[in-house]
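**Q** To be precise about what I am sending: the file is called final.cif and holds mmCIF, C-alpha atoms.
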```cif
data_input
#
loop_
_atom_site.label_atom_id
_atom_site.label_comp_id
_atom_site.auth_asym_id
_atom_site.auth_seq_id
_atom_site.Cartn_x
_atom_site.Cartn_y
_atom_site.Cartn_z
CA MET A 1 -58.32 104.43 63.26
CA ASN A 2 -59.79 102.78 66.30
CA TYR A 3 -61.21 99.51 65.28
CA ASN A 4 -64.53 99.41 67.07
CA GLU A 5 -67.71 97.43 66.63
CA ASN A 6 -69.44 100.10 64.56
CA ILE A 7 -66.65 100.14 62.02
CA GLU A 8 -66.56 96.37 61.96
CA GLU A 9 -70.27 96.23 61.33
CA LEU A 10 -69.99 98.88 58.62
CA ILE A 11 -67.20 96.94 56.90
CA ASP A 12 -69.26 93.78 57.19
CA ARG A 13 -72.29 95.40 55.66
CA TYR A 14 -70.25 97.14 52.98
CA ASN A 15 -68.65 93.88 51.89
CA SER A 16 -72.01 92.10 51.86
CA GLY A 17 -73.55 94.96 49.84
CA GLU A 18 -76.04 95.78 52.57
CA LEU A 19 -75.34 99.50 52.97
CA ASN A 20 -78.02 101.88 51.74
CA GLU A 21 -77.09 104.50 49.18
CA SER A 22 -76.24 107.33 51.59
CA GLU A 23 -74.28 105.02 53.92
CA ARG A 24 -72.39 103.67 50.92
CA VAL A 25 -71.47 107.13 49.62
CA HIS A 26 -70.31 108.17 53.08
CA PHE A 27 -68.33 104.96 53.50
CA LEU A 28 -66.66 105.33 50.09
CA GLU A 29 -65.60 108.88 50.95
CA ARG A 30 -64.08 107.63 54.14
CA LEU A 31 -62.32 104.81 52.30
CA GLN A 32 -60.59 107.32 50.04
CA THR A 33 -59.04 109.17 52.95
CA ASP A 34 -58.36 106.32 55.34
CA PRO A 35 -55.73 103.83 54.10
CA GLU A 36 -56.05 101.72 57.24
CA LEU A 37 -59.74 101.29 56.65
CA ARG A 38 -58.96 100.14 53.11
CA VAL A 39 -56.66 97.48 54.51
CA GLN A 40 -59.32 96.35 56.99
CA VAL A 41 -61.90 96.13 54.22
CA SER A 42 -59.55 94.06 52.13
CA ILE A 43 -58.73 91.72 55.06
CA ASP A 44 -62.41 91.31 55.83
CA ARG A 45 -63.17 90.44 52.22
CA ALA A 46 -60.27 88.01 52.02
CA ILE A 47 -61.10 86.17 55.23
CA THR A 48 -64.74 85.78 54.26
CA LYS A 49 -63.63 84.35 50.96
CA MET A 50 -61.32 81.94 52.74
CA LEU A 51 -63.88 80.83 55.30
CA GLU A 52 -66.45 80.13 52.61
CA LYS A 53 -64.27 77.27 51.37
CA LYS A 54 -65.01 74.75 54.09
CA GLU A 55 -63.59 71.78 52.22
CA LEU A 56 -60.35 73.60 51.47
CA LEU A 57 -60.02 74.61 55.13
CA LYS A 58 -60.41 71.02 56.23
CA PHE A 59 -57.82 69.99 53.67
CA MET A 60 -55.40 72.67 54.90
CA GLU A 61 -55.86 71.49 58.46
CA LYS A 62 -54.84 68.03 57.32
CA ILE A 63 -51.76 69.09 55.41
CA SER A 64 -50.62 71.45 58.14
CA LYS A 65 -50.58 68.46 60.51
CA ILE A 66 -48.59 66.35 58.07
CA ARG A 67 -45.97 69.08 57.85
CA GLY A 68 -44.72 68.38 61.33
CA GLU A 69 -44.52 64.63 60.95
CA ASP A 70 -41.35 62.67 61.25
CA TYR A 71 -41.44 60.79 58.02
CA LEU A 72 -40.72 63.95 56.09
CA ASP A 73 -37.13 63.39 56.96
CA HIS A 74 -35.21 66.30 55.57
CA LYS A 75 -31.78 65.02 56.28
CA ARG A 76 -29.84 64.59 53.12
CA PRO A 77 -29.02 60.92 52.62
CA ASN A 78 -25.59 59.95 53.83
CA ARG A 79 -23.71 58.95 50.69
CA VAL A 80 -21.38 56.47 52.42
CA LEU A 81 -24.35 54.82 54.08
CA MET A 82 -26.20 54.69 50.78
CA ALA A 83 -23.22 53.14 49.00
CA ALA A 84 -22.82 50.58 51.77
CA SER A 85 -26.52 49.70 51.59
CA ILE A 86 -26.38 49.25 47.83
CA LEU A 87 -23.31 47.05 48.13
CA LEU A 88 -25.01 44.99 50.78
CA LEU A 89 -28.11 44.60 48.64
CA ILE A 90 -26.08 43.54 45.60
CA SER A 91 -24.15 41.00 47.67
CA PHE A 92 -27.37 39.65 49.10
CA GLY A 93 -28.91 39.45 45.61
CA LEU A 94 -25.90 37.58 44.19
CA PHE A 95 -25.85 35.21 47.13
CA SER A 96 -29.60 34.49 46.76
CA LEU A 97 -29.15 33.93 43.05
CA PHE A 98 -26.32 31.53 43.68
CA ILE A 99 -28.37 29.54 46.23
CA TYR A 100 -31.40 29.57 43.93
CA LYS A 101 -29.44 28.27 40.95
CA TRP A 102 -27.73 25.68 43.07
CA LYS A 103 -31.06 24.38 44.39
CA LEU A 104 -32.55 24.46 40.92
CA LYS A 105 -29.70 22.49 39.49
CA SER A 106 -30.02 19.85 42.15
CA SER A 107 -33.76 19.46 41.54
CA GLN A 108 -33.77 19.82 37.76
CA ASN A 109 -33.54 16.10 37.11
CA ASP A 110 -36.64 15.38 39.14
CA TRP A 111 -38.86 18.25 38.06
CA ASN A 112 -37.48 19.27 34.66
CA LEU A 113 -37.50 22.92 35.58
CA THR A 114 -35.67 25.65 33.78
CA TRP A 115 -34.65 28.83 35.56
CA LYS A 116 -36.41 31.98 34.49
CA PRO A 117 -36.16 35.34 36.10
CA ASP A 118 -39.46 36.95 36.95
CA ALA A 119 -40.53 38.51 33.67
CA ARG A 120 -43.01 41.01 35.07
CA PRO A 121 -41.67 44.55 34.79
CA VAL A 122 -41.72 46.61 37.92
CA ASN A 123 -43.81 49.63 37.05
CA LEU A 124 -42.96 52.50 39.31
CA ASN A 125 -45.33 54.89 37.56
CA LEU A 126 -48.87 55.22 38.77
CA THR A 127 -51.42 53.26 36.82
CA LEU A 128 -54.53 54.91 35.50
CA LEU A 129 -56.46 53.30 38.31
CA ASP A 130 -54.12 54.83 40.90
CA GLN A 131 -54.53 58.21 39.27
CA ALA A 132 -58.29 57.81 39.19
CA GLU A 133 -58.29 56.94 42.86
CA ILE A 134 -56.19 59.95 43.75
CA TYR A 135 -58.47 62.13 41.67
CA GLN A 136 -61.57 60.78 43.39
CA ARG A 137 -60.14 61.27 46.81
CA PHE A 138 -59.15 64.82 46.14
CA THR A 139 -62.46 65.71 44.53
CA PRO A 140 -65.07 66.92 46.98
CA ALA A 141 -67.89 65.15 45.10
CA PRO A 142 -69.69 67.90 43.20
CA HIS A 143 -72.62 65.62 42.57
CA GLY A 144 -72.21 63.26 45.45
CA ILE A 145 -70.70 60.55 43.28
CA MET A 146 -67.26 58.98 43.45
CA HIS A 147 -66.38 60.57 46.78
CA ARG A 148 -65.33 58.56 49.76
CA SER A 149 -68.14 60.02 51.85
CA SER A 150 -70.72 58.86 49.34
CA PHE A 151 -69.87 55.31 50.26
CA LEU A 152 -70.97 55.97 53.83
CA ALA A 153 -74.61 55.40 54.58
CA ASN A 154 -76.43 58.71 55.01
CA ALA A 155 -77.00 58.12 58.70
CA PHE A 156 -73.25 57.91 59.30
CA GLN A 157 -72.16 60.97 57.34
CA PRO A 158 -70.46 63.46 59.67
CA LEU A 159 -71.91 66.91 60.10
CA VAL A 160 -68.98 69.29 59.58
CA GLU A 161 -70.22 72.02 61.91
CA TYR A 162 -70.51 69.65 64.84
CA GLU A 163 -67.55 67.47 63.97
CA LEU A 164 -65.22 70.43 64.51
CA LEU A 165 -66.49 70.83 68.05
CA VAL A 166 -66.20 67.21 69.12
CA GLY A 167 -63.91 66.80 72.10
CA SER A 168 -63.39 70.48 72.74
CA ALA A 169 -64.58 72.09 75.91
CA THR A 170 -65.34 75.52 74.57
CA ARG A 171 -66.81 77.37 77.52
CA SER A 172 -66.04 75.99 80.92
CA GLU A 173 -62.55 74.79 81.66
CA SER A 174 -63.54 73.48 85.08
CA PHE A 175 -65.69 70.81 83.47
CA GLN A 176 -64.15 67.34 83.45
CA LEU A 177 -65.82 64.46 81.67
CA LEU A 178 -65.17 61.11 83.38
CA SER A 179 -67.17 58.92 81.03
CA PRO A 180 -67.81 58.15 78.21
CA LYS A 181 -65.04 59.20 75.82
CA THR A 182 -65.90 62.04 73.46
CA ARG A 183 -65.93 59.64 70.50
CA ILE A 184 -67.55 56.29 71.10
CA SER A 185 -69.05 53.43 69.12
CA MET A 186 -71.67 51.29 70.81
CA PRO A 187 -74.14 48.64 69.71
CA LYS A 188 -77.70 49.85 69.32
CA ASN A 189 -79.84 49.65 72.49
CA SER A 190 -76.82 50.22 74.77
CA VAL A 191 -77.14 52.35 77.86
CA ILE A 192 -74.43 54.98 78.00
CA SER A 193 -73.37 56.23 81.37
CA PHE A 194 -72.40 59.92 81.45
CA GLN A 195 -70.40 61.13 84.39
CA TRP A 196 -68.59 64.42 84.89
CA LYS A 197 -67.10 66.68 87.51
CA THR A 198 -67.54 70.43 87.71
CA ALA A 199 -66.08 73.07 89.98
CA THR A 200 -69.55 73.85 91.27
CA GLU A 201 -70.90 70.58 92.53
CA TRP A 202 -74.52 71.20 91.70
CA LEU A 203 -74.12 72.98 88.42
CA LEU A 204 -77.25 72.54 86.35
CA VAL A 205 -76.51 71.52 82.78
CA THR A 206 -78.52 70.10 79.93
CA LEU A 207 -77.69 67.11 77.80
CA GLU A 208 -78.97 66.88 74.26
CA VAL A 209 -78.59 64.31 71.52
CA ILE A 210 -78.61 65.46 67.91
CA ASP A 211 -78.58 63.35 64.78
CA ASN A 212 -76.19 63.85 61.87
CA GLN A 213 -78.65 66.18 60.14
CA GLY A 214 -78.48 68.59 63.09
CA VAL A 215 -81.94 67.62 64.37
CA SER A 216 -82.39 67.20 68.10
CA VAL A 217 -83.54 63.65 68.86
CA ARG A 218 -83.34 63.70 72.64
CA GLY A 219 -83.62 66.48 75.16
CA PRO A 220 -82.23 68.89 76.10
CA VAL A 221 -82.59 67.06 79.42
CA PRO A 222 -81.69 69.03 82.55
CA VAL A 223 -79.13 67.16 84.64
CA GLN A 224 -77.81 68.03 88.07
CA GLY A 225 -75.19 66.09 90.00
CA GLY A 226 -72.88 64.98 87.21
CA ARG A 227 -74.52 61.66 86.24
CA TYR A 228 -76.89 60.64 83.49
CA GLN A 229 -77.81 57.32 81.92
CA LEU A 230 -78.56 57.69 78.22
CA THR A 231 -80.73 54.95 76.76
CA THR A 232 -80.48 54.44 73.04
CA ASP A 233 -83.30 51.99 72.36
CA ASP A 234 -85.27 54.57 70.36
CA LEU A 235 -82.25 55.70 68.31
CA GLY A 236 -81.54 54.00 65.03
CA PRO A 237 -78.09 52.97 63.87
CA GLY A 238 -76.13 56.03 62.78
CA LEU A 239 -73.96 58.89 63.87
CA PHE A 240 -75.20 61.14 66.67
CA TYR A 241 -73.74 64.08 68.53
CA TRP A 242 -74.31 64.78 72.19
CA ARG A 243 -73.70 68.12 73.82
CA ILE A 244 -73.63 69.32 77.36
CA MET A 245 -74.60 72.93 77.85
CA SER A 246 -74.88 75.38 80.69
CA ASP A 247 -76.71 78.71 80.81
CA GLU A 248 -73.68 80.34 79.20
CA GLY A 249 -73.58 78.01 76.20
CA LEU A 250 -71.86 74.89 75.01
CA ILE A 251 -69.58 73.10 77.46
CA LEU A 252 -68.66 69.95 75.62
CA MET A 253 -69.65 68.05 72.53
CA GLY A 254 -68.99 64.43 71.60
CA ASN A 255 -70.10 61.98 69.01
CA LEU A 256 -71.66 58.58 69.28
CA ILE A 257 -71.88 55.88 66.65
CA LEU A 258 -74.62 53.33 67.13
CA TYR A 259 -74.28 50.22 65.02
CA MET B 1 -53.76 59.41 50.74
CA ILE B 2 -52.15 62.81 51.37
CA LYS B 3 -49.36 61.03 53.17
CA TYR B 4 -48.91 58.78 50.17
CA VAL B 5 -48.65 61.77 47.85
CA TYR B 6 -46.12 63.33 50.23
CA LYS B 7 -44.04 60.18 50.41
CA VAL B 8 -43.91 59.60 46.68
CA TYR B 9 -43.66 63.11 45.24
CA PHE B 10 -42.16 65.26 47.96
CA PRO B 11 -38.56 64.11 47.27
CA VAL B 12 -38.81 65.08 43.59
CA ILE B 13 -39.97 68.60 44.40
CA ARG B 14 -37.39 68.86 47.18
CA ASN B 15 -34.58 68.05 44.77
CA PHE B 16 -35.75 70.67 42.31
CA ILE B 17 -36.18 73.47 44.85
CA VAL B 18 -33.03 72.76 46.81
CA ARG B 19 -31.07 72.78 43.55
CA ASN B 20 -32.65 76.15 42.73
CA SER B 21 -31.61 78.11 45.82
CA GLY B 22 -34.44 76.99 48.07
CA THR B 23 -34.27 75.86 51.65
CA LEU B 24 -36.05 72.84 53.07
CA ASN B 25 -38.58 75.17 54.63
CA ASP B 26 -39.29 76.58 51.16
CA VAL B 27 -39.80 73.06 49.88
CA GLU B 28 -42.46 72.35 52.48
CA ASP B 29 -44.19 75.64 51.73
CA VAL B 30 -44.19 75.10 48.01
CA PHE B 31 -45.33 71.51 48.29
CA GLN B 32 -48.22 72.54 50.54
CA ASP B 33 -49.18 75.23 48.05
CA THR B 34 -49.02 72.71 45.24
CA LEU B 35 -51.39 70.39 47.06
CA ILE B 36 -53.76 73.30 47.70
CA VAL B 37 -53.74 74.08 43.98
CA LEU B 38 -54.35 70.43 43.15
CA PHE B 39 -57.22 70.27 45.65
CA ASP B 40 -58.73 73.43 44.28
CA ARG B 41 -58.45 72.24 40.69
CA CYS B 42 -60.00 68.89 41.57
CA SER B 43 -63.00 70.73 43.04
CA ASP B 44 -63.81 71.86 39.52
CA PRO B 45 -65.81 69.14 37.76
CA ALA B 46 -64.43 70.30 34.40
CA PHE B 47 -60.87 69.58 35.47
CA LYS B 48 -59.26 66.51 33.96
CA LEU B 49 -55.85 65.28 34.83
CA THR B 50 -54.50 64.46 31.39
CA ALA B 51 -50.86 63.97 32.32
CA LYS B 52 -49.17 61.94 34.98
CA LEU B 53 -49.77 63.22 38.48
CA SER B 54 -46.03 63.56 38.96
CA SER B 55 -45.75 65.86 35.91
CA TYR B 56 -48.62 67.96 37.14
CA LEU B 57 -47.23 68.37 40.65
CA PHE B 58 -43.79 69.16 39.36
CA SER B 59 -45.08 71.74 36.92
CA VAL B 60 -47.21 73.53 39.53
CA SER B 61 -44.43 73.46 42.11
CA ARG B 62 -41.96 74.95 39.69
CA HIS B 63 -44.41 77.67 38.73
CA ILE B 64 -45.00 78.58 42.38
CA TRP B 65 -41.33 78.50 43.23
CA LEU B 66 -40.31 80.78 40.37
CA GLN B 67 -43.08 83.23 41.23
CA ARG B 68 -41.91 83.22 44.84
CA LEU B 69 -38.34 83.96 43.82
CA ASN B 70 -39.68 86.85 41.76
CA ARG B 71 -41.60 88.24 44.68
CA GLN B 72 -39.07 87.75 47.42
CA HIS B 73 -35.85 88.56 45.63
CA GLY B 74 -36.99 90.53 42.63
CA LEU B 75 -35.51 87.90 40.36
CA PHE B 76 -37.36 87.75 37.12
CA PHE B 77 -37.39 84.23 35.85
CA SER B 78 -39.36 83.31 32.84
CA VAL B 79 -41.61 80.44 33.67
CA ASP B 80 -40.53 78.06 30.96
CA TYR B 81 -42.49 74.92 30.60
CA GLU B 82 -40.27 72.26 29.21
CA VAL B 83 -42.68 69.76 27.88
CA ASN B 84 -41.72 66.19 28.47
CA GLU B 85 -44.98 64.85 27.26
CA ALA B 86 -48.18 66.21 25.83
CA GLY B 87 -50.35 67.96 28.38
CA SER B 88 -47.77 68.21 31.11
CA GLU B 89 -47.79 71.99 31.24
CA TYR B 90 -50.23 73.60 33.56
CA GLU B 91 -51.07 77.12 34.47
CA ILE B 92 -52.50 77.92 37.83
CA TYR B 93 -55.78 78.95 36.31
CA ASN B 94 -57.50 80.24 39.39
CA PRO B 95 -56.31 83.78 40.17
CA ASP B 96 -57.09 83.12 43.86
CA LEU B 97 -54.33 80.59 43.76
CA GLN B 98 -51.56 82.70 42.31
CA GLU B 99 -48.44 82.57 44.45
CA ILE B 100 -49.04 85.82 46.32
CA ASN B 101 -52.61 84.87 47.08
CA LEU B 102 -51.51 81.45 48.23
CA ALA B 103 -49.02 83.09 50.58
CA ARG B 104 -51.72 85.36 51.96
CA TYR B 105 -54.18 82.49 52.18
CA LYS B 106 -51.76 80.41 54.19
CA LEU B 107 -50.93 83.32 56.47
CA PHE B 108 -54.62 83.82 57.17
CA PHE B 109 -55.11 80.12 57.71
CA GLY B 110 -52.26 80.03 60.25
CA HIS B 111 -53.98 82.70 62.34
CA TYR B 112 -57.38 81.11 61.85
CA ASP B 113 -55.98 77.82 63.08
CA SER B 114 -54.65 79.50 66.22
CA LEU B 115 -58.12 80.74 67.21
CA SER B 116 -60.23 78.83 69.71
CA VAL B 117 -62.52 76.13 68.36
CA GLU B 118 -65.48 78.30 69.30
CA CYS B 119 -64.20 81.28 67.30
CA LYS B 120 -63.25 79.15 64.30
CA LEU B 121 -66.68 77.64 64.14
CA ILE B 122 -68.58 80.91 64.60
CA LEU B 123 -66.57 82.60 61.85
CA MET B 124 -67.00 79.69 59.50
CA LEU B 125 -70.73 79.53 60.11
CA TYR B 126 -71.03 83.27 59.61
CA ALA B 127 -69.01 83.26 56.39
CA ASN B 128 -71.23 80.48 55.12
CA GLU B 129 -74.24 82.74 55.55
CA LYS B 130 -75.78 81.16 58.61
CA LYS B 131 -78.18 83.49 60.39
CA MET B 132 -77.38 84.63 63.92
CA THR B 133 -80.35 82.57 65.16
CA GLU B 134 -78.90 79.42 63.61
CA ILE B 135 -75.43 80.20 65.00
CA ALA B 136 -76.94 80.72 68.46
CA GLN B 137 -78.74 77.40 68.16
CA ILE B 138 -75.69 75.44 67.01
CA MET B 139 -73.40 77.00 69.61
CA GLY B 140 -75.97 76.75 72.38
CA TYR B 141 -76.05 80.50 73.09
CA ALA B 142 -78.95 82.03 74.95
CA ASP B 143 -79.93 84.41 72.15
CA ASP B 144 -78.94 86.12 68.90
CA ASP B 145 -77.28 89.01 70.73
CA THR B 146 -74.85 86.67 72.46
CA ALA B 147 -74.02 85.05 69.12
CA LYS B 148 -73.50 88.47 67.58
CA SER B 149 -71.20 89.70 70.31
CA ARG B 150 -69.17 86.46 70.22
CA LYS B 151 -68.86 86.82 66.45
CA HIS B 152 -67.65 90.42 66.85
CA HIS B 153 -65.13 89.34 69.44
CA CYS B 154 -63.79 86.49 67.30
CA LYS B 155 -63.59 88.52 64.12
CA ARG B 156 -61.83 91.39 65.86
CA LEU B 157 -59.32 88.96 67.32
CA PHE B 158 -58.74 87.31 63.96
CA MET B 159 -58.26 90.60 62.12
CA LYS B 160 -55.96 91.91 64.82
CA LYS B 161 -53.75 88.85 64.54
CA ILE B 162 -53.51 89.31 60.78
CA SER B 163 -52.90 93.07 60.90
CA ASN B 164 -50.12 92.67 63.47
CA ASP B 165 -48.29 90.03 61.47
CA PRO B 166 -45.18 91.49 59.79
CA ARG B 167 -45.53 89.01 56.91
CA PHE B 168 -48.90 90.54 56.14
CA LYS B 169 -47.36 94.00 55.94
CA ASN B 170 -44.78 92.67 53.48
CA LEU B 171 -47.50 91.18 51.31
CA ILE B 172 -49.47 94.41 51.31
CA GLU B 173 -46.36 96.44 50.46
CA TYR B 174 -45.52 94.10 47.60
CA GLU B 175 -49.05 94.44 46.23
CA LEU B 176 -48.90 98.22 46.41
CA GLN B 177 -45.62 98.38 44.48
#
```
Please re-express this file's structure in structure tokens.

**A**
Amino acid sequence: MNYNENIEELIDRYNSGELNESERVHFLERLQTDPELRVQVSIDRAITKMLEKKELLKFMEKISKIRGEDYLDHKRPNRVLMAASILLLISFGLFSLFIYKWKLKSSQNDWNLTWKPDARPVNLNLTLLDQAEIYQRFTPAPHGIMHRSSFLANAFQPLVEYELLVGSATRSESFQLLSPKTRISMPKNSVISFQWKTATEWLLVTLEVIDNQGVSVRGPVPVQGGRYQLTTDDLGPGLFYWRIMSDEGLILMGNLILY
Amino acid sequence: MIKYVYKVYFPVIRNFIVRNSGTLNDVEDVFQDTLIVLFDRCSDPAFKLTAKLSSYLFSVSRHIWLQRLNRQHGLFFSVDYEVNEAGSEYEIYNPDLQEINLARYKLFFGHYDSLSVECKLILMLYANEKKMTEIAQIMGYADDDTAKSRKHHCKRLFMKKISNDPRFKNLIEYELQ
């Protein structure tokens, strides 16, 4: 089966239940005779299901990054080294105890102290509070309570759709941003100097500022020549996104925190 | 926080899996899957963690690992839950998060992650029922048609990557058995 746009659209519409009765009957007949189409339908359904879970995707992105990190040291501990370390620790402990007792003895007459080991047990298990914290952090706040993000003021809550694009030049690779950085924090009323280079010197682009609700608060302003001074006196404290676009679409997006 | 969970609990799961014919790569896979299950369960407001987190993670990891051994090697282990304390046994309630579905989910995610940022975002917006007009507006496209053709392109690319993956063929074959 050649996988062309018509088929893709049919699969899309079939899985969203948008086919009319005759299209559906025809499609079902085809499904019975075409095993490859059945596989494509099942992939389409599964990827839609996966993509619907935005929070889980973000979580998976995080854990897939952790996987490559160094601290997950897989080397089995060297037993000789471990034994040596334990011996060293015990010797150090005994030596410290000896010094401590010796000092205590010498000062006992003056201060009338008696030696007591620290009576507090070391509890290696998680306390209920720890567990509650872990639970809260893993819970994507069904009602907006108890989640980390709920502690952020509304104006500073990130907008997932835009956050994913920050820092990524998605259309034009010849575009080079000189200033500012793609993520910046500035005091309110600052003037932000935008400067960039493009392959075509006089490429006309637009610059737009959007708030964290996705509403455009400035522009799109046409800019030619690679420089623009953005004043922020009319923008309140909060999280904003700026994007530079050409006729073909988005070139670069960044975020801006005004405090 | 995830790093903390890794640091504290990863060694326990590693010891169990390595002792039960797993490699270190298996350990990482299973631990990731366990965290996905935990995340998914925590998304359900009705879920209450009644046992220690360590017992929960261990129980889920063991369940996943035994299921994986079943699938990959045809070894039929009974998933016995030795109960050390009340409430420490857990099923993976959500059928989406059964071992085979987790494997498929992760395979899909791997290919999704390798797409361009543009494609990832378009597909996510589309799956979350954004209209083409909204997608065009967010992505800065000239019109709906451009958004539609970009979506087609990205979806085709994504599906092609999945279909060509030999691991996907194995999963499909196992399901058809």

**Q** Taking all atoms listed in the file into account, which of A:Lys181, A:Lys188, A:Arg30, A:Arg243 comes nearest chain B?

**A** A:Arg243

**Q** Applied to the shown file, which residues does the PyMOL selection byres ((chain A and resi 60) around 10) return, written as a list of chain:residue names?

**A** A:Lys54, A:Glu55, A:Leu56, A:Leu57, A:Lys58, A:Phe59, A:Glu61, A:Lys62, A:Ile63, A:Ser64, A:Lys65, A:Ile66, B:Gln32, B:Asp33, B:Leu35, B:Ile36, B:Phe39, B:Lys106, B:Phe109, B:Gly110, B:Asp113

**Q** What is the distance between atom CA of A:Ser22 and atom CA of A:Glu36, in Å to one decimal?

**A** 21.7 Å

**Q** Once the PyMOL selection byres ((chain B and resi 6) around 12) has been applied to the shown file, what residues remain in the selection, as a VMD selection string?

**A** (chain A and resid 63 66 to 67 69 71 to 73) or (chain B and resid 1 to 5 7 to 14 27 to 28 31 to 32 34 to 35 54 57)

**Q** Restricting the output to C-alpha atoms, write the selected residues as a short mmCIF file (atom, residue, chain, number, x, y, z; two decimals), in the coordinates of the input.

**A**
```
data_model
loop_
_atom_site.label_atom_id
_atom_site.label_comp_id
_atom_site.auth_asym_id
_atom_site.auth_seq_id
_atom_site.Cartn_x
_atom_site.Cartn_y
_atom_site.Cartn_z
CA ILE A 63 -51.76 69.09 55.41
CA ILE A 66 -48.59 66.35 58.07
CA ARG A 67 -45.97 69.08 57.85
CA GLU A 69 -44.52 64.63 60.95
CA TYR A 71 -41.44 60.79 58.02
CA LEU A 72 -40.72 63.95 56.09
CA ASP A 73 -37.13 63.39 56.96
CA MET B 1 -53.76 59.41 50.74
CA ILE B 2 -52.15 62.81 51.37
CA LYS B 3 -49.36 61.03 53.17
CA TYR B 4 -48.91 58.78 50.17
CA VAL B 5 -48.65 61.77 47.85
CA LYS B 7 -44.04 60.18 50.41
CA VAL B 8 -43.91 59.60 46.68
CA TYR B 9 -43.66 63.11 45.24
CA PHE B 10 -42.16 65.26 47.96
CA PRO B 11 -38.56 64.11 47.27
CA VAL B 12 -38.81 65.08 43.59
CA ILE B 13 -39.97 68.60 44.40
CA ARG B 14 -37.39 68.86 47.18
CA VAL B 27 -39.80 73.06 49.88
CA GLU B 28 -42.46 72.35 52.48
CA PHE B 31 -45.33 71.51 48.29
CA GLN B 32 -48.22 72.54 50.54
CA THR B 34 -49.02 72.71 45.24
CA LEU B 35 -51.39 70.39 47.06
CA SER B 54 -46.03 63.56 38.96
CA LEU B 57 -47.23 68.37 40.65
#
```

**Q** What gap, in Å, lies between atom CA of A:Ile244 and atom CA of B:Asn128?

**A**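 So the two atoms, atom CA of A:Ile244 and atom CA of B:Asn128, lie 25.0 Å apart.
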
**Q** Between A:Glu163, A:Phe194, A:Pro187, A:Val80, which is the closest to A:Gln224 once you count all atoms listed in the file?

**A**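 Looking only at the distances to A:Gln224, the closest residue turns out to be A:Phe194.
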
**Q** Between A:Asn20, A:Gln176, A:Ser190, A:Asn6, which residue has the minimum interatomic distance to chain B, considering all atoms listed in the file?

**A**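 Closest residue, counting all atoms listed in the file: A:Asn6.
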
**Q** Grab the atom CA of A:Arg13 to atom CA of B:Lys161 distance for me, in Å with one decimal place.

**A**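 Taking atom CA of A:Arg13 and atom CA of B:Lys161, their separation equals 21.6 Å.
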
**Q** Which neighbours of A:Asp12 fall inside 12 Å, counting all atoms listed in the file, when residues of the same chain fewer than 3 positions from it are skipped, and could you give them as a list in words?

**A**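 Everything that qualifies: Glu5, Asn6, Ile7, Glu8, Glu9, Asn15, Ser16, Gly17, Glu18, Leu19, Phe27, Gln40, Val41, Ser42, Ile43, Asp44, Arg45, Ala46, Ile47 and Thr48 of chain A; Tyr126, Ala127, Lys151, His152, Lys155 and Arg156 of chain B.
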
**Q** I need the residues from that last selection saved to file as a PDB file, in the coordinates of the input (with C-alpha atoms), if you can.

**A**
```
ATOM      1  CA  GLU A   5     -67.710  97.430  66.630  1.00  0.00           C
ATOM      2  CA  ASN A   6     -69.440 100.100  64.560  1.00  0.00           C
ATOM      3  CA  ILE A   7     -66.650 100.140  62.020  1.00  0.00           C
ATOM      4  CA  GLU A   8     -66.560  96.370  61.960  1.00  0.00           C
ATOM      5  CA  GLU A   9     -70.270  96.230  61.330  1.00  0.00           C
ATOM      6  CA  ASN A  15     -68.650  93.880  51.890  1.00  0.00           C
ATOM      7  CA  SER A  16     -72.010  92.100  51.860  1.00  0.00           C
ATOM      8  CA  GLY A  17     -73.550  94.960  49.840  1.00  0.00           C
ATOM      9  CA  GLU A  18     -76.040  95.780  52.570  1.00  0.00           C
ATOM     10  CA  LEU A  19     -75.340  99.500  52.970  1.00  0.00           C
ATOM     11  CA  PHE A  27     -68.330 104.960  53.500  1.00  0.00           C
ATOM     12  CA  GLN A  40     -59.320  96.350  56.990  1.00  0.00           C
ATOM     13  CA  VAL A  41     -61.900  96.130  54.220  1.00  0.00           C
ATOM     14  CA  SER A  42     -59.550  94.060  52.130  1.00  0.00           C
ATOM     15  CA  ILE A  43     -58.730  91.720  55.060  1.00  0.00           C
ATOM     16  CA  ASP A  44     -62.410  91.310  55.830  1.00  0.00           C
ATOM     17  CA  ARG A  45     -63.170  90.440  52.220  1.00  0.00           C
ATOM     18  CA  ALA A  46     -60.270  88.010  52.020  1.00  0.00           C
ATOM     19  CA  ILE A  47     -61.100  86.170  55.230  1.00  0.00           C
ATOM     20  CA  THR A  48     -64.740  85.780  54.260  1.00  0.00           C
TER      21      THR A  48
ATOM     22  CA  TYR B 126     -71.030  83.270  59.610  1.00  0.00           C
ATOM     23  CA  ALA B 127     -69.010  83.260  56.390  1.00  0.00           C
ATOM     24  CA  LYS B 151     -68.860  86.820  66.450  1.00  0.00           C
ATOM     25  CA  HIS B 152     -67.650  90.420  66.850  1.00  0.00           C
ATOM     26  CA  LYS B 155     -63.590  88.520  64.120  1.00  0.00           C
ATOM     27  CA  ARG B 156     -61.830  91.390  65.860  1.00  0.00           C
TER      28      ARG B 156
END
```

**Q** Since I can't run it myself right now, could you work out what the PyMOL selection byres ((chain A and resi 248) around 7) selects here and report it as a PyMOL selection string?

**A** (chain A and resi 246-247+249) or (chain B and resi 141-142)

**Q** Taking into account all atoms listed in the file, which residue in the set B:Ala136, B:Gln67, B:Cys42, B:Val60 is nearest to chain A?

**A**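 The answer is B:Cys42, which sits nearest to chain A.
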